[in-house]
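What's in my_file23.pdb: PDB, C-alpha atoms
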```pdb
MODEL        1
ATOM      1  CA  PRO A   1       0.000   0.000   0.000
ATOM      2  CA  VAL A   2       2.879   2.435   0.650
ATOM      3  CA  ILE A   3       4.289   2.099  -2.872
ATOM      4  CA  ALA A   4       0.814   2.407  -4.409
ATOM      5  CA  THR A   5      -0.024   5.456  -2.292
ATOM      6  CA  THR A   6       3.196   7.273  -3.120
ATOM      7  CA  GLY A   7       2.794   6.279  -6.773
ATOM      8  CA  VAL A   8      -0.692   7.796  -6.946
ATOM      9  CA  ALA A   9       0.494  10.898  -5.070
ATOM     10  CA  THR A  10       3.385  11.261  -7.514
ATOM     11  CA  THR A  11       1.022  10.958 -10.472
ATOM     12  CA  VAL A  12      -1.319  13.601  -9.066
ATOM     13  CA  LEU A  13       1.447  16.016  -8.013
ATOM     14  CA  ALA A  14       3.786  15.573 -11.010
ATOM     15  CA  PRO A  15       2.184  18.359 -13.081
ATOM     16  CA  PHE A  16       2.881  20.707 -10.161
ATOM     17  CA  GLY A  17       6.561  19.774  -9.745
ATOM     18  CA  GLY A  18       6.122  16.941  -7.226
ATOM     19  CA  PHE A  19       7.652  14.322  -9.494
ATOM     20  CA  ALA A  20      10.140  12.948  -6.933
ATOM     21  CA  LEU A  21       7.586  11.983  -4.295
ATOM     22  CA  ASN A  22       7.655   8.272  -5.139
ATOM     23  CA  LEU A  23       9.778   5.930  -3.048
ATOM     24  CA  ALA A  24      13.132   5.051  -4.535
ATOM     25  CA  ALA A  25      12.482   1.972  -6.675
ATOM     26  CA  ILE A  26      16.182   1.701  -7.446
ATOM     27  CA  THR A  27      17.000   1.516  -3.755
ATOM     28  CA  ALA A  28      14.287  -1.099  -3.317
ATOM     29  CA  ALA A  29      15.794  -3.173  -6.124
ATOM     30  CA  ILE A  30      19.244  -2.932  -4.565
ATOM     31  CA  CYS A  31      17.887  -3.933  -1.149
ATOM     32  CA  MET A  32      16.182  -7.000  -2.628
ATOM     33  CA  GLY A  33      19.273  -8.363  -4.379
ATOM     34  CA  ARG A  34      21.727 -11.017  -3.260
ATOM     35  CA  GLU A  35      24.226  -8.288  -2.509
ATOM     36  CA  ALA A  36      22.057  -7.114   0.395
ATOM     37  CA  HIS A  37      22.131 -10.516   2.130
ATOM     38  CA  PRO A  38      22.340 -14.127   0.923
ATOM     39  CA  ASP A  39      19.270 -15.023   3.026
ATOM     40  CA  PRO A  40      16.129 -13.365   1.562
ATOM     41  CA  ASP A  41      14.553 -13.265   5.037
ATOM     42  CA  ARG A  42      17.392 -11.032   6.266
ATOM     43  CA  ARG A  43      17.401  -8.537   3.402
ATOM     44  CA  TYR A  44      15.160  -6.195   5.346
ATOM     45  CA  THR A  45      18.292  -4.998   7.155
ATOM     46  CA  ALA A  46      19.437  -3.360   3.921
ATOM     47  CA  ALA A  47      16.137  -1.476   3.656
ATOM     48  CA  VAL A  48      16.395  -0.335   7.282
ATOM     49  CA  SER A  49      19.982   0.782   6.708
ATOM     50  CA  ALA A  50      18.956   2.665   3.562
ATOM     51  CA  GLY A  51      16.148   4.364   5.492
ATOM     52  CA  VAL A  52      18.529   5.488   8.236
ATOM     53  CA  PHE A  53      20.963   6.701   5.577
ATOM     54  CA  TYR A  54      18.176   8.708   3.880
ATOM     55  CA  VAL A  55      17.288  10.380   7.186
ATOM     56  CA  VAL A  56      20.931  11.275   7.882
ATOM     57  CA  ILE A  57      21.421  12.616   4.360
ATOM     58  CA  GLY A  58      18.173  14.571   4.709
ATOM     59  CA  LEU A  59      19.371  16.179   7.925
ATOM     60  CA  PHE A  60      22.669  17.172   6.355
ATOM     61  CA  GLY A  61      21.307  17.796   2.843
ATOM     62  CA  ALA A  62      22.846  21.236   2.405
ATOM     63  CA  ALA A  63      26.289  19.989   3.413
ATOM     64  CA  VAL A  64      26.012  16.966   1.115
ATOM     65  CA  ALA A  65      24.892  19.169  -1.789
ATOM     66  CA  GLY A  66      27.818  21.506  -1.185
ATOM     67  CA  PHE A  67      30.185  18.550  -0.993
ATOM     68  CA  PHE A  68      29.072  17.197  -4.365
ATOM     69  CA  ALA A  69      28.974  20.673  -5.905
ATOM     70  CA  ALA A  70      32.704  20.950  -5.201
ATOM     71  CA  PHE A  71      33.430  18.014  -7.524
ATOM     72  CA  PRO A  72      33.406  18.247 -11.323
ATOM     73  CA  GLN A  73      30.023  17.330 -12.792
ATOM     74  CA  GLU A  74      31.568  14.542 -14.867
ATOM     75  CA  LEU A  75      32.926  12.838 -11.736
ATOM     76  CA  VAL A  76      29.543  12.969  -9.999
ATOM     77  CA  LEU A  77      27.844  11.534 -13.103
ATOM     78  CA  ALA A  78      30.442   8.766 -13.335
ATOM     79  CA  ILE A  79      29.924   7.835  -9.674
ATOM     80  CA  ALA A  80      26.144   7.803 -10.140
ATOM     81  CA  GLY A  81      26.484   5.689 -13.285
ATOM     82  CA  LEU A  82      28.705   3.169 -11.533
ATOM     83  CA  ALA A  83      26.271   2.977  -8.625
ATOM     84  CA  LEU A  84      23.422   2.171 -11.013
ATOM     85  CA  LEU A  85      25.328  -0.289 -13.181
ATOM     86  CA  GLY A  86      24.317  -3.406 -11.231
ATOM     87  CA  THR A  87      20.681  -2.369 -11.052
ATOM     88  CA  ILE A  88      20.556  -1.575 -14.759
ATOM     89  CA  GLY A  89      22.217  -4.898 -15.568
ATOM     90  CA  ASN A  90      19.791  -6.864 -13.399
ATOM     91  CA  GLY A  91      16.803  -5.022 -14.839
ATOM     92  CA  LEU A  92      17.976  -5.612 -18.390
ATOM     93  CA  ALA A  93      18.653  -9.297 -17.701
ATOM     94  CA  THR A  94      15.161  -9.689 -16.259
ATOM     95  CA  ALA A  95      13.565  -7.836 -19.177
ATOM     96  CA  LEU A  96      15.396  -9.974 -21.727
ATOM     97  CA  ALA A  97      14.786 -13.280 -19.906
ATOM     98  CA  GLY A  98      11.300 -13.806 -21.329
ATOM     99  CA  GLU A  99      11.623 -15.076 -24.889
ATOM    100  CA  ARG A 100       8.200 -13.848 -26.037
ATOM    101  CA  ASP A 101       8.802 -10.128 -25.456
ATOM    102  CA  ARG A 102      12.598 -10.045 -25.694
ATOM    103  CA  GLU A 103      12.663  -7.944 -28.862
ATOM    104  CA  ALA A 104      10.225  -5.406 -27.407
ATOM    105  CA  ALA A 105      12.323  -5.084 -24.249
ATOM    106  CA  LEU A 106      15.486  -4.625 -26.285
ATOM    107  CA  VAL A 107      13.920  -1.977 -28.548
ATOM    108  CA  THR A 108      12.558  -0.154 -25.490
ATOM    109  CA  PHE A 109      15.990  -0.144 -23.856
ATOM    110  CA  LEU A 110      17.904   0.875 -26.971
ATOM    111  CA  VAL A 111      15.557   3.721 -27.931
ATOM    112  CA  THR A 112      15.517   5.007 -24.359
ATOM    113  CA  ALA A 113      19.305   4.790 -24.046
ATOM    114  CA  SER A 114      19.759   6.542 -27.394
ATOM    115  CA  GLY A 115      18.587   9.876 -26.037
ATOM    116  CA  LEU A 116      16.186  10.319 -28.967
ATOM    117  CA  THR A 117      14.059  13.476 -28.716
ATOM    118  CA  LEU A 118      11.207  14.129 -31.157
ATOM    119  CA  PHE A 119       8.748  17.031 -30.880
ATOM    120  CA  SER A 120      10.400  17.997 -27.566
ATOM    121  CA  VAL A 121       9.449  14.614 -26.076
ATOM    122  CA  GLY A 122      12.265  12.615 -24.486
ATOM    123  CA  SER A 123      13.605   9.160 -25.175
ATOM    124  CA  ALA A 124      11.824   7.467 -22.248
ATOM    125  CA  PHE A 125       8.488   8.058 -23.966
ATOM    126  CA  TRP A 126       9.753   7.019 -27.395
ATOM    127  CA  GLY A 127      11.294   3.890 -25.900
ATOM    128  CA  LEU A 128       7.890   2.870 -24.572
ATOM    129  CA  VAL A 129       6.299   3.673 -27.927
ATOM    130  CA  GLY A 130       8.926   1.582 -29.732
ATOM    131  CA  GLY A 131       8.444  -1.372 -27.386
ATOM    132  CA  ALA A 132       4.664  -1.143 -27.723
ATOM    133  CA  LEU A 133       4.975  -1.072 -31.517
ATOM    134  CA  VAL A 134       7.118  -4.211 -31.476
ATOM    135  CA  ILE A 135       4.561  -5.994 -29.293
ATOM    136  CA  GLY A 136       1.744  -4.788 -31.559
ATOM    137  CA  LEU A 137       3.553  -6.010 -34.667
ATOM    138  CA  ARG A 138       4.209  -9.387 -33.034
ATOM    139  CA  LEU A 139       0.527  -9.772 -32.135
ATOM    140  CA  LEU A 140      -0.487  -8.751 -35.658
ATOM    141  CA  HIS A 141       1.915 -11.332 -37.085
ATOM    142  CA  VAL A 142       0.430 -14.045 -34.845
ATOM    143  CA  ARG A 143      -3.125 -13.155 -35.917
ATOM    144  CA  LEU A 144      -2.227 -13.110 -39.602
ATOM    145  CA  SER A 145      -0.405 -16.438 -39.246
ATOM    146  CA  ARG A 146      -3.508 -18.016 -37.706
ATOM    147  CA  ARG A 147      -5.712 -16.771 -40.554
ATOM    148  CA  VAL A 148      -3.396 -18.230 -43.181
ATOM    149  CA  ALA A 149      -3.130 -21.590 -41.394
TER     150      ALA A 149
ENDMDL
END
```
Using the file provided, produce a representation of the structure as structure tokens.
Amino acid sequence: PVIATTGVATTVLAPFGGFALNLAAITAAICMGREAHPDPDRRYTAAVSAGVFYVVIGLFGAAVAGFFAAFPQELVLAIAGLALLGTIGNGLATALAGERDREAALVTFLVTASGLTLFSVGSAFWGLVGGALVIGLRLLHVRLSRRVA
């Protein structure tokens, strides 16, 4: 219920600038992985630790922002990219695991990663459109194949 509630709140408040209200799905994915703890029943400790870390960072937010502002932007982006590498890899592996929709997942990822912008709309949207088109074409192919057979 917490994820659903924050998701709905984010959807409602996004047009007014409240787009970051949702809980950190990336952190949740990290806390659910084997890296958090080999025993799935003990992985909650990673979530508790992340929560404590968020509170501490929140209390010292201005100091943390100043600390990162002192570094070159490229270094901060590289650190963030390295931190997300495992999560991106796991997400991509999961998306490509299912044989039926593998092509759609790959097209979605590639278009999104390309940075494509059309009509001032970013690549995340066009990635979803591309993936949906691939699924639609696959379903059309299946229907046409059944008619011929």
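When all atoms listed in the file are used to compute distances to Ala105 (chain A), the closest of the residues A:Leu118, A:Ala124, A:Ala132, A:Leu84 turns out to be A:Ala132.
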Open item on the list: Quick check, in Å to one decimal: how far apart do CA of Leu133 (chain A) and CA of Gly115 (chain A) lie?
Closed with: 18.3 Å
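Here CA of Leu128 (chain A) stands at a distance of 10.5 Å from CA of Leu110 (chain A).
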- [ ] For CA of Val142 (chain A) and CA of Arg100 (chain A), quote the distance in Å rounded to one decimal.
- [x]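 For CA of Val142 (chain A) relative to CA of Arg100 (chain A), the distance reads 11.7 Å.
When only C-alpha atoms are used to compute distances to Ala104 (chain A), the closest of the residues A:Leu92, A:Leu85, A:Ala80, A:Ile135 turns out to be A:Ile135.
Residue nearest Val111 (chain A) within the list A:Ala97, A:Ala9, A:Leu77, A:Val129: A:Val129 [criterion: smallest interatomic distance, all atoms listed in the file].
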